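Structure first, commentary second.
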Amino acid sequence: MPMPEGRAGLDERAWPRWISVLGRSRAKGRAMSIEFCGLTLVHPIINGSGTFDAIAARRVFGDALLADFPFSAYVSKTITLEPRVGNPPPRLWETAAGLINSIGLPNKGLRGYLAEDLPQLAEIVAGAGAAAGRGPVPLITNVMGASAEELSTLVGACEERPEIAAIELNVSCPNVKTGLDIGADPVQLEQVVSTVRNRTGKPLIVKLTPNTADVAACAQAAEQGGADAVSLINTLRATALAPRRSGQRAGESDGRAGESRGLWLGGGSGGQSGPAIRAVALAQVSAVAALVGVPVIGMGGVQSAVHACDLIDVGATLVAVGTESFRDPAAGSRIALGL
Amino acid sequence: MPMPEGRAGLDERAWPRWISVLGRSRAKGRAMSIEFCGLTLVHPIINGSGTFDAIAARRVFGDALLADFPFSAYVSKTITLEPRVGNPPPRLWETAAGLINSIGLPNKGLRGYLAEDLPQLAEIVAGAGAAAGRGPVPLITNVMGASAEELSTLVGACEERPEIAAIELNVSCPNVKTGLDIGADPVQLEQVVSTVRNRTGKPLIVKLTPNTADVAACAQAAEQGGADAVSLINTLRATALAPRRSGQRAGESDGRAGESRGLWLGGGSGGQSGPAIRAVALAQVSAVAALVGVPVIGMGGVQSAVHACDLIDVGATLVAVGTESFRDPAAGSRIALGL
Amino acid sequence: MSEAPFGRRLLTVTGVDELGAYRVLRVADRDMPQSGWQAGDLHPGQFAMLTAVERWGGGEGERPYLPRAFSVARRTDSEAHFLLEDVGPGTQRLCELRAGDQLWVLAPLGRGFTPPSDGRRALLVGGGVGIAPLAIHQDTLVGGTGAGPQDLQAPAGRVPGVEVTVLLGFRDSSRATGAALLDRAQVATDDGSVGHHGLVTELLAAEIERDPHAIVYACGPAGMLEGVRALCERTGTSAQLALEAGMACGYGACFGCVVPKRGGGYLRVCVDGPVIDAAELEHVDAHAGGAGGTR
Amino acid sequence: MSEAPFGRRLLTVTGVDELGAYRVLRVADRDMPQSGWQAGDLHPGQFAMLTAVERWGGGEGERPYLPRAFSVARRTDSEAHFLLEDVGPGTQRLCELRAGDQLWVLAPLGRGFTPPSDGRRALLVGGGVGIAPLAIHQDTLVGGTGAGPQDLQAPAGRVPGVEVTVLLGFRDSSRATGAALLDRAQVATDDGSVGHHGLVTELLAAEIERDPHAIVYACGPAGMLEGVRALCERTGTSAQLALEAGMACGYGACFGCVVPKRGGGYLRVCVDGPVIDAAELEHVDAHAGGAGGTR
Ligand SMILES: Cc1cc2nc3c(=O)[nH]c(=O)nc-3n(C[C@H](O)[C@H](O)[C@H](O)COP(=O)(O)OP(=O)(O)OC[C@H]3O[C@@H](n4cnc5c(N)ncnc54)[C@H](O)[C@@H]3O)c2cc1C
Ligand SMILES: Cc1cc2nc3c(=O)[nH]c(=O)nc-3n(C[C@H](O)[C@H](O)[C@H](O)COP(=O)(O)OP(=O)(O)OC[C@H]3O[C@@H](n4cnc5c(N)ncnc54)[C@H](O)[C@@H]3O)c2cc1C
Ligand SMILES: Cc1cc2nc3c(=O)[nH]c(=O)nc-3n(C[C@H](O)[C@H](O)[C@H](O)COP(=O)(O)O)c2cc1C
Ligand SMILES: Cc1cc2nc3c(=O)[nH]c(=O)nc-3n(C[C@H](O)[C@H](O)[C@H](O)COP(=O)(O)O)c2cc1C
Ligand code: FES
Ligand code: FES
């Protein structure tokens, strides 16, 4: 579906409020700051769920992580009701300008998350805020459930924890066998969102699936269901085959057809991320921002401030960085500083 | 949706028949040949619709094109009932490992195609076949209509022309304002296909849209509607913004947010093709081949024999080359020879 | 006009010379036809699609990926020359090439200039890298006795007694250095650092005044071409414009390189052009502009 | 074990030396801690994520894109050394680096070896590029008097009187040349061209027979590591295995680098390893194998 003209940053008034703030503040050399669903963020760059384990990073980098925390809000990896060990390896495949992952949402489950991870995350975001002479970096918990009931339980439990500033619903993870993908059907999606909406007063973000016919319709459904914001794009469904000879390079093979070859990823198929999906992300974010009134978190292949600005110019309020953090753990700060 | 194991070329018996032929024939140094919907093709590489204008190429390259015709069957660009001039420029944007196009299906319309283009194409495929001491290279005409009625008229007209060996229905072009995308809804798709099915005895190929929640379900619908084959993937919906300063390089900008910037493509949004979509194509072709019984034409980012074999190994019978032909007009032969 | 062989040819760079703000890329090529006006000849204004064999299809920002279009600027009996301006990742990569490096070349492509009929004067008007096709046009018209290197064989195309006037416009002096590519060029610069201080179209207006029957051959930035087109429309002077457009294929396959045609519809610059009769265009829009491909 | 500074560091290549089938990449680095066993030290077995600044993130086949993981093979007071085997686009690119080229380095990462307690003997068992972490392990245990270069300062970690035995297995003689990286190594080759004709695990079995209380430190191809693991399980010998896995980040962010844990679940090689106690594994599977990342 082509984009209505007059959108995509063509229209001054269409820009998110903070940009003018940013403009002024840069002039005055002050730090920018953004309102997002009642939260105040110091810049528009956050992490994509599941792409930055702050607990592991704290162990690896120590206090240096807190001193230079790269994100203005921190999004947890996806939490499910029951613990998951994740998919068997291999879980990664490098593609043309990108990455396919088939991680399988490993997590300790709701109970384990609340008991073990949340306190540590709370300490990290508090430390990161303190290092900058501010309050804690807002902590967003991402949850996924196969049904409205599961999601309600998850959201209800998060509602009770003051450490959690906002909740993101993952209705879109392509590489887990949840059977039907609720996020792909607007009708189902609206029902689910409105059900869980009643379980929390915290800002509710719906992370849409890109693997759908009309992502804007899904975004509208989420909004009608009561979402305070939407985020996109998640990874595109993708897969890879095992290389023919180990060590053999792409393009190098004489490519004999019909050799018996298996799927590379332990999980069978996975999700494509990185630069390869950037233009698809820009189109989906643009289509969604043109249709919904709630703020949009844009992501997909962002590597630089230019890419972040593209998403902002088509209507995103915040921009999330995922795969680029694997190449450069400080990518978030680098991009925020470039704005 | 992850792929059922036991598929994806793991199972000897799952390979298309021609591969064993190919295996044998290579040993004996004979040319391979493939049965496809009753047509006999000399190798499995054809062109993607709209990516090789044989009439223009004949003018540019002369008889050399016939002597080394790169494809074992030739697919026309999409023909519509009425003539179309296509989208205003710019129509192209180069992306990370790929291309976005917003061409807008320029064509002379059914009458103009049958009267002016078809005879020239027929002469070219005959010449190409003759140069190899064979009959004409099978000519496949790709048609698109906004409704079952339009498609029926188009298919009916093609049915009457003996030069046309097979018909491909484009129910998936993302960068034209056809309103609803019939290809994305299995129910609608099955109705449309079964309607036009009655209008022709020629092999009917349905080119699926990749911009859908469940491409395998769409493929199944096409099969139930009476399709003799399915082809995928078409381009992924994508867009781009005009560069900030002309001549400015990607990644080079300091990326000031909020500068007023328009969409780059004259058509607003477009379709992503090339290496960037290769892994998505592999997943979709794999999912479709696992579910349908009819032959599958796989395409998306194919640049080498390795990439073609990947698609064949997950169940494709033929492989189409699109964007790579822009980089190398003889890409089709190069890839076929590498098999 | 000559047909291109089907498929890219793998050629070797013989050298890259600096020419002010530009580079001259020299490629060893004995197979491309010599320039001239006959069917089998290389017509001035025809172009090539170039791809570096190494480091193309990736890099920071993952570009360049597609081949890039360049006019043949000069044809010697052993080399083809291209004039490059570094405006982005593709031209930057090509400017980095060194003697011995390899290049994929698809050429010659497109429709070139047609020679002036019955001894009419040829007014060659160009700007920026747009001077490239004018250089080989001059070589061909006058028999290569101009600024061409010594081994430039007298082309088949020599038009006896044709009078050629060259008018070139540049932004500044470092670009004006490019004028050396042609013989006896009158130069205009935007900043007045070299020659006439102002637009080349001002020089053109004077020349047309003097000789209304002259034929104009122009290549340059969109603004300049539109100026030339408008001027020639007013004065009824016939003009052949060498256009540019963002291209993916260069041989008519992608339908990406279009410019609006007078009276509606579009022309493919790669096969209907790049040289298009000014009368076929209502205006030259920003995207059909001179140096800078898709600009 | 030392923490890594947050963020990649931009370092300069001082040289790339040939070592049979391998290359030794030397990088100027005064900031990385010296090797030893204290909290702030670089522990033998820790690794770095490397990215070439130029020509990374594209190229034919558009790879490499992600950084690549390499054990620190040696730490001098001014340089960090890495042992490279060209097995694909990333290692190929790194092998092409020359003195003066720049590199992004994220290091030190992961958990390294722990020293042998109460004077027990250290059996260092390696194969292929898996010998890299064993080299710095030996340097550290014996105080760098081994095969290390002259400027190798005596590391803090010297374990007085520790006995170190080195057993290395290679496919052929050009790879066996790599054994020079360590001191007094017994070598086995698959083709018998150098040293023992057979598997290094055969040499290991003999050593364990002689001294059942020795501690095994192993790094190499999956097959070899599994052989070592199975052998040590039978003989009740304690073993520390340095594993590999395809990695995207190297610091625990992507959860991509897992190996199955004994009793279920997975370990992240980059943060729970790369050095993992053999007792924690049921088996070393093909993807956790020595030289060759994701192989
Ligand atoms: C027939 C013809 C003949 C030509 N002859 C010459 C010649 O002789 N000498 C010469 O120097 N040039 C010539 N050109 C122009 C040349 O082809 C372009 O300058 C070149 O393609 C630029 O590529 P680039 O990668 O260097 O820069 P790009 O960035 O690709 O191109 C620069 C312009 O392209 C646009 N652009 C930026 N990013 C993108 C993107 N991602 N996708 C699409 N467009 C983008 C912007 O407008 C930018 O200003 C000719 C062009 C044509 C069509
Ligand atoms: C902790 C650790 C320490 C290491 N230390 C060293 C060392 O000291 N020296 C050394 O030489 N190596 C070392 N390695 C291995 C090294 O990281 C790999 O050899 C390197 O990553 C290979 O990258 P490549 O691009 O050269 O080849 P790749 O092709 O990326 O890797 C080769 C293997 O990866 C798989 N593969 C092929 N294509 C892909 C793809 N598209 N996506 C994902 N996997 C693919 C295949 O199994 C292939 O055989 C270490 C690895 C780890 C985890
Ligand atoms: C390794 C990996 C793990 C991910 N895990 C999650 C997850 O747990 N939950 C989720 O909602 N998205 C997850 N994502 C999707 C990212 O949050 C993001 O939407 C996507 O990667 C696109 O952004 P990018 O191109 O910048 O990576 C994951 C992505 C990657 C690469
Ligand atoms: C410039 C361009 C024009 C296209 N035109 C058509 C078309 O007219 N009809 C159609 O069905 N597909 C069209 N396609 C889609 C291709 O046939 C193919 O499905 C897609 O490009 C993926 O293959 P590739 O990555 O090899 O290019 C077009 C693609 C490109 C790049
Ligand atoms: S460049 Fe492809 S049609 Fe002209
Ligand atoms: S490499 Fe990313 S978690 Fe280990």
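Each chain in the structure tokens gets a letter, A, B and so on, in the order shown; residues start at 1 in every chain, and ligands are counted from 1 in the order they appear.
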Test item: residues at most 12 Å from Thr114 in chain D, only C-alpha atoms, excluding those fewer than 4 positions along its chain, as a list in words: Met1, Ser35, Gly36, Trp37, Gln38, Ala39, Leu42, His43, Pro44, Gly45, Gln46, Ala122, His137, Thr140, Leu141, Gly157, Val159, Ile215, Val216, Tyr217, Ser238, Ala239, Gln240, Leu241, Ala242, Gly273, Val275, Ile276 and Asp277 of chain D
Just to be explicit: take each residue in the selection above, keep N, CA, C and O atoms, and write the result as a compact mmCIF listing (two decimals), in the first residue's frame.
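What ended up in out_7.txt:
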```
# COMPACT_ATOMS: atom_id res chain seq x y z
N MET D 1 39.22 -12.05 36.75
CA MET D 1 39.03 -11.81 35.32
C MET D 1 38.73 -10.33 35.10
O MET D 1 38.00 -9.73 35.86
N SER D 35 48.42 -10.47 31.24
CA SER D 35 47.78 -11.73 31.60
C SER D 35 48.18 -12.14 33.01
O SER D 35 49.27 -11.83 33.48
N GLY D 36 47.27 -12.82 33.67
CA GLY D 36 47.49 -13.28 35.04
C GLY D 36 46.22 -13.89 35.60
O GLY D 36 45.27 -14.12 34.85
N TRP D 37 46.21 -14.12 36.89
CA TRP D 37 45.07 -14.83 37.51
C TRP D 37 44.27 -13.95 38.46
O TRP D 37 43.30 -14.39 39.04
N GLN D 38 44.71 -12.68 38.61
CA GLN D 38 43.99 -11.80 39.54
C GLN D 38 42.77 -11.19 38.86
O GLN D 38 42.61 -11.28 37.65
N ALA D 39 41.95 -10.52 39.68
CA ALA D 39 40.70 -9.96 39.20
C ALA D 39 40.93 -9.06 37.97
O ALA D 39 40.30 -9.22 36.94
N LEU D 42 44.15 -10.01 32.48
CA LEU D 42 43.66 -10.73 31.31
C LEU D 42 43.85 -12.21 31.60
O LEU D 42 44.98 -12.66 31.84
N HIS D 43 42.77 -12.98 31.62
CA HIS D 43 42.92 -14.41 31.89
C HIS D 43 43.15 -15.16 30.58
O HIS D 43 42.41 -14.93 29.61
N PRO D 44 44.15 -16.04 30.54
CA PRO D 44 44.33 -16.88 29.36
C PRO D 44 43.02 -17.57 29.00
O PRO D 44 42.33 -18.09 29.88
N GLY D 45 42.65 -17.52 27.71
CA GLY D 45 41.37 -18.09 27.28
C GLY D 45 40.33 -17.02 26.98
O GLY D 45 39.34 -17.29 26.30
N GLN D 46 40.57 -15.80 27.50
CA GLN D 46 39.65 -14.71 27.15
C GLN D 46 39.83 -14.34 25.68
O GLN D 46 40.88 -14.61 25.08
N ALA D 122 49.97 -29.27 34.46
CA ALA D 122 49.05 -28.73 33.46
C ALA D 122 49.29 -29.40 32.12
O ALA D 122 50.40 -29.33 31.58
N HIS D 137 48.28 -19.20 27.74
CA HIS D 137 48.15 -19.96 28.99
C HIS D 137 49.53 -20.42 29.44
O HIS D 137 49.92 -20.23 30.60
N THR D 140 51.72 -17.56 30.60
CA THR D 140 51.32 -17.05 31.91
C THR D 140 51.75 -17.99 33.02
O THR D 140 52.29 -17.56 34.04
N LEU D 141 51.56 -19.30 32.78
CA LEU D 141 51.90 -20.28 33.82
C LEU D 141 53.41 -20.28 34.09
O LEU D 141 53.85 -20.28 35.24
N GLY D 157 51.07 -13.78 36.59
CA GLY D 157 50.42 -15.06 36.88
C GLY D 157 51.36 -16.23 37.10
O GLY D 157 50.93 -17.34 37.42
N VAL D 159 53.08 -19.37 37.90
CA VAL D 159 52.78 -20.33 38.97
C VAL D 159 54.07 -21.10 39.28
O VAL D 159 54.50 -21.93 38.50
N ILE D 215 45.85 -31.67 35.34
CA ILE D 215 44.66 -30.95 34.91
C ILE D 215 44.78 -30.66 33.41
O ILE D 215 45.84 -30.20 32.96
N VAL D 216 43.72 -30.97 32.68
CA VAL D 216 43.76 -30.82 31.23
C VAL D 216 43.14 -29.47 30.82
O VAL D 216 42.08 -29.08 31.31
N TYR D 217 43.87 -28.75 29.95
CA TYR D 217 43.37 -27.51 29.35
C TYR D 217 43.33 -27.73 27.85
O TYR D 217 44.39 -27.93 27.24
N SER D 238 40.21 -33.90 35.67
CA SER D 238 39.47 -32.64 35.51
C SER D 238 40.01 -31.89 34.29
O SER D 238 41.21 -31.86 34.06
N ALA D 239 39.09 -31.34 33.50
CA ALA D 239 39.47 -30.71 32.24
C ALA D 239 38.71 -29.41 32.04
O ALA D 239 37.53 -29.31 32.35
N GLN D 240 39.42 -28.41 31.53
CA GLN D 240 38.80 -27.14 31.16
C GLN D 240 38.86 -27.02 29.64
O GLN D 240 39.95 -27.04 29.06
N LEU D 241 37.70 -26.92 29.01
CA LEU D 241 37.63 -26.88 27.55
C LEU D 241 37.32 -25.47 27.07
O LEU D 241 36.35 -24.86 27.52
N ALA D 242 38.12 -24.96 26.14
CA ALA D 242 37.82 -23.66 25.53
C ALA D 242 37.01 -23.91 24.26
O ALA D 242 37.53 -24.45 23.29
N GLY D 273 31.40 -19.00 29.03
CA GLY D 273 32.66 -19.57 28.54
C GLY D 273 33.54 -18.46 28.07
O GLY D 273 33.41 -17.35 28.57
N VAL D 275 35.81 -20.79 28.18
CA VAL D 275 36.36 -21.93 28.91
C VAL D 275 35.28 -22.50 29.83
O VAL D 275 34.74 -21.79 30.69
N ILE D 276 34.96 -23.77 29.60
CA ILE D 276 33.90 -24.42 30.37
C ILE D 276 34.44 -25.73 30.93
O ILE D 276 35.17 -26.46 30.26
N ASP D 277 34.11 -26.00 32.19
CA ASP D 277 34.56 -27.24 32.82
C ASP D 277 33.90 -28.41 32.13
O ASP D 277 32.68 -28.43 31.95
```
Neighbours of ligand 5 within 10 Å, counting only C-alpha atoms and all ligand atoms, as an MDAnalysis selection string? (chainID B and resid 51:53 56:57 92 103 326) or (chainID C and resid 49 67:69 110 245:258 267:274)
With N, CA, C and O atoms retained, export the selected residues as a CSV table (one decimal), in the first residue's frame.
```
chain,number,residue,atom,x,y,z
B,51,THR,N,11.7,-7.8,-15.3
B,51,THR,CA,13.1,-7.5,-15.0
B,51,THR,C,14.0,-7.7,-16.3
B,51,THR,O,15.2,-7.6,-16.2
B,52,PHE,N,13.3,-8.0,-17.4
B,52,PHE,CA,14.1,-8.2,-18.6
B,52,PHE,C,13.2,-7.9,-19.8
B,52,PHE,O,12.3,-8.7,-20.1
B,53,ASP,N,13.4,-6.8,-20.4
B,53,ASP,CA,12.6,-6.4,-21.6
B,53,ASP,C,13.3,-7.0,-22.8
B,53,ASP,O,14.2,-6.4,-23.4
B,56,ALA,N,13.6,-4.6,-25.9
B,56,ALA,CA,14.7,-3.6,-25.8
B,56,ALA,C,16.1,-4.3,-25.9
B,56,ALA,O,16.9,-3.8,-26.6
B,57,ALA,N,16.2,-5.4,-25.2
B,57,ALA,CA,17.5,-6.1,-25.2
B,57,ALA,C,17.9,-6.5,-26.6
B,57,ALA,O,19.1,-6.5,-27.0
B,92,LEU,N,13.7,4.5,-8.8
B,92,LEU,CA,14.7,3.5,-8.3
B,92,LEU,C,15.4,4.1,-7.0
B,92,LEU,O,15.6,5.3,-6.9
B,103,ILE,N,8.2,1.3,-10.3
B,103,ILE,CA,8.0,1.4,-11.7
B,103,ILE,C,6.6,1.7,-12.1
B,103,ILE,O,6.3,2.6,-12.9
B,326,PHE,N,20.1,-6.9,-13.9
B,326,PHE,CA,20.4,-5.5,-14.1
B,326,PHE,C,21.9,-5.3,-13.9
B,326,PHE,O,22.5,-4.5,-14.6
C,49,MET,N,28.0,1.0,-18.8
C,49,MET,CA,27.7,0.7,-17.3
C,49,MET,C,28.9,0.1,-16.8
C,49,MET,O,29.4,-0.9,-17.3
C,67,PRO,N,25.5,-1.3,-11.1
C,67,PRO,CA,26.5,-0.7,-11.9
C,67,PRO,C,26.2,0.8,-12.1
C,67,PRO,O,25.1,1.2,-11.8
C,68,ARG,N,27.1,1.6,-12.5
C,68,ARG,CA,26.9,3.1,-12.7
C,68,ARG,C,27.2,3.4,-14.2
C,68,ARG,O,28.0,2.8,-14.9
C,69,ALA,N,26.4,4.4,-14.6
C,69,ALA,CA,26.5,4.8,-16.0
C,69,ALA,C,27.5,6.0,-16.3
C,69,ALA,O,27.5,6.9,-15.5
C,110,GLY,N,22.8,2.9,-25.5
C,110,GLY,CA,22.0,4.1,-25.8
C,110,GLY,C,22.2,4.7,-27.1
C,110,GLY,O,23.0,4.3,-28.0
C,245,ALA,N,19.9,10.0,-15.8
C,245,ALA,CA,18.8,9.5,-14.9
C,245,ALA,C,19.4,8.4,-14.1
C,245,ALA,O,20.4,7.8,-14.5
C,246,GLY,N,18.8,8.2,-12.9
C,246,GLY,CA,19.3,7.1,-12.1
C,246,GLY,C,19.0,5.8,-12.9
C,246,GLY,O,17.9,5.6,-13.4
C,247,MET,N,20.0,4.9,-13.0
C,247,MET,CA,19.8,3.7,-13.8
C,247,MET,C,20.1,2.5,-13.0
C,247,MET,O,21.1,2.5,-12.2
C,248,ALA,N,19.4,1.4,-13.2
C,248,ALA,CA,19.8,0.1,-12.6
C,248,ALA,C,20.5,-0.8,-13.6
C,248,ALA,O,21.4,-1.5,-13.3
C,249,CYS,N,20.0,-0.7,-14.9
C,249,CYS,CA,20.5,-1.7,-15.9
C,249,CYS,C,21.2,-1.1,-17.1
C,249,CYS,O,22.2,-1.7,-17.5
C,250,GLY,N,20.7,0.0,-17.6
C,250,GLY,CA,21.4,0.6,-18.8
C,250,GLY,C,21.0,0.0,-20.1
C,250,GLY,O,21.4,0.5,-21.1
C,251,TYR,N,20.1,-1.0,-20.1
C,251,TYR,CA,19.8,-1.6,-21.4
C,251,TYR,C,18.3,-1.9,-21.6
C,251,TYR,O,17.9,-2.7,-22.4
C,252,GLY,N,17.5,-1.1,-20.8
C,252,GLY,CA,16.1,-1.1,-21.1
C,252,GLY,C,15.3,-2.2,-20.3
C,252,GLY,O,14.1,-2.3,-20.4
C,253,ALA,N,16.0,-2.8,-19.4
C,253,ALA,CA,15.3,-3.9,-18.6
C,253,ALA,C,14.5,-3.5,-17.4
C,253,ALA,O,13.4,-4.1,-17.2
C,254,CYS,N,14.9,-2.4,-16.8
C,254,CYS,CA,14.2,-2.1,-15.5
C,254,CYS,C,13.1,-1.0,-15.6
C,254,CYS,O,12.4,-0.8,-14.6
C,255,PHE,N,13.1,-0.2,-16.6
C,255,PHE,CA,12.2,0.9,-16.8
C,255,PHE,C,12.3,1.9,-15.6
C,255,PHE,O,11.4,2.6,-15.3
C,256,GLY,N,13.5,2.0,-15.1
C,256,GLY,CA,13.7,2.9,-13.9
C,256,GLY,C,14.2,4.3,-14.3
C,256,GLY,O,14.1,5.2,-13.5
C,257,CYS,N,14.7,4.5,-15.5
C,257,CYS,CA,15.4,5.7,-15.9
C,257,CYS,C,14.6,6.7,-16.7
C,257,CYS,O,15.2,7.4,-17.5
C,258,VAL,N,13.3,6.8,-16.4
C,258,VAL,CA,12.5,7.6,-17.3
C,258,VAL,C,12.5,9.1,-17.0
C,258,VAL,O,12.8,9.5,-15.9
C,267,LEU,N,10.0,8.6,-21.4
C,267,LEU,CA,11.1,8.0,-22.3
C,267,LEU,C,12.1,7.3,-21.3
C,267,LEU,O,12.4,7.8,-20.3
C,268,ARG,N,12.6,6.2,-21.8
C,268,ARG,CA,13.7,5.5,-21.0
C,268,ARG,C,15.0,6.1,-21.5
C,268,ARG,O,15.4,6.0,-22.7
C,269,VAL,N,15.7,6.8,-20.6
C,269,VAL,CA,17.0,7.5,-21.0
C,269,VAL,C,18.0,6.5,-21.5
C,269,VAL,O,18.7,6.9,-22.5
C,270,CYS,N,18.0,5.3,-21.0
C,270,CYS,CA,19.1,4.4,-21.5
C,270,CYS,C,18.9,3.8,-22.9
C,270,CYS,O,19.8,3.5,-23.5
C,271,VAL,N,17.6,3.7,-23.3
C,271,VAL,CA,17.4,3.2,-24.7
C,271,VAL,C,16.8,4.2,-25.7
C,271,VAL,O,17.1,4.2,-26.8
C,272,ASP,N,16.0,5.1,-25.2
C,272,ASP,CA,15.4,6.2,-26.0
C,272,ASP,C,16.4,7.3,-26.0
C,272,ASP,O,16.3,8.2,-26.9
C,273,GLY,N,17.3,7.3,-25.1
C,273,GLY,CA,18.4,8.4,-25.0
C,273,GLY,C,19.7,7.7,-24.9
C,273,GLY,O,19.8,6.6,-25.4
C,274,PRO,N,20.7,8.3,-24.2
C,274,PRO,CA,20.6,9.5,-23.4
C,274,PRO,C,20.4,10.8,-24.2
C,274,PRO,O,20.0,11.8,-23.7
```
Tell me, in Å to one decimal, how far CA of Leu118 in chain A is from CA of Ala308 in chain A.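 Value for the CA of Leu118 in chain A-CA of Ala308 in chain A distance: 28.8 Å.
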Shell of 7 Å around ligand 3 (only C-alpha atoms and all ligand atoms), written as a VMD selection string: (chain A and resid 48 to 51 77 to 78 99 to 101 103 105 142 170 172 to 173 207 232 to 235 273 to 275 277 to 278 299 to 302 320 to 324) or (chain D and resid 254 to 256)
Could you write out as a PyMOL selection string the residues of chain B within 9 Å of chain C, counting only C-alpha atoms? chain B and resi 50-57+59-65+68+84-86+88-99+101-103+106+246-252+323-331
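Of the residues listed (A:Ile335, A:Leu110, A:Leu265, A:Ala213), A:Ala213 shows the shortest atom-to-atom separation from chain B; distances use only C-alpha atoms.
Considering only range 153-197 of chain C, backbone DSSP assigns helix (DSSP H, G or I) to Ser173, Ser174, Arg175, Ala176, Thr177, Gly178, Ala179, Ala180 and Leu181 of chain C.
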Write the residues of the selection above to a file with N, CA, C and O atoms, as a tab-separated table (two decimals), in the first residue's frame.
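Below is the file that was written, out11.tsv:
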```tsv
chain	number	residue	atom	x	y	z
C	173	SER	N	37.06	27.21	-10.55
C	173	SER	CA	38.25	27.02	-11.40
C	173	SER	C	38.73	25.57	-11.38
C	173	SER	O	39.21	25.06	-12.39
C	174	SER	N	38.58	24.88	-10.22
C	174	SER	CA	39.10	23.50	-10.19
C	174	SER	C	38.29	22.63	-11.14
C	174	SER	O	38.80	21.70	-11.75
C	175	ARG	N	37.00	22.98	-11.29
C	175	ARG	CA	36.19	22.23	-12.26
C	175	ARG	C	36.49	22.70	-13.69
C	175	ARG	O	36.52	21.91	-14.62
C	176	ALA	N	36.73	24.01	-13.81
C	176	ALA	CA	36.98	24.57	-15.15
C	176	ALA	C	38.20	23.93	-15.79
C	176	ALA	O	38.34	23.88	-17.02
C	177	THR	N	39.08	23.38	-14.95
C	177	THR	CA	40.25	22.66	-15.47
C	177	THR	C	39.83	21.56	-16.44
C	177	THR	O	40.55	21.22	-17.37
C	178	GLY	N	38.62	21.03	-16.21
C	178	GLY	CA	38.10	19.97	-17.08
C	178	GLY	C	37.97	20.40	-18.53
C	178	GLY	O	37.97	19.57	-19.44
C	179	ALA	N	37.90	21.71	-18.75
C	179	ALA	CA	37.74	22.23	-20.11
C	179	ALA	C	38.88	21.77	-21.03
C	179	ALA	O	38.74	21.73	-22.24
C	180	ALA	N	40.02	21.39	-20.41
C	180	ALA	CA	41.17	20.94	-21.18
C	180	ALA	C	40.84	19.68	-21.99
C	180	ALA	O	41.55	19.32	-22.92
C	181	LEU	N	39.73	19.02	-21.61
C	181	LEU	CA	39.34	17.79	-22.31
C	181	LEU	C	38.92	18.12	-23.76
C	181	LEU	O	38.98	17.27	-24.64
```
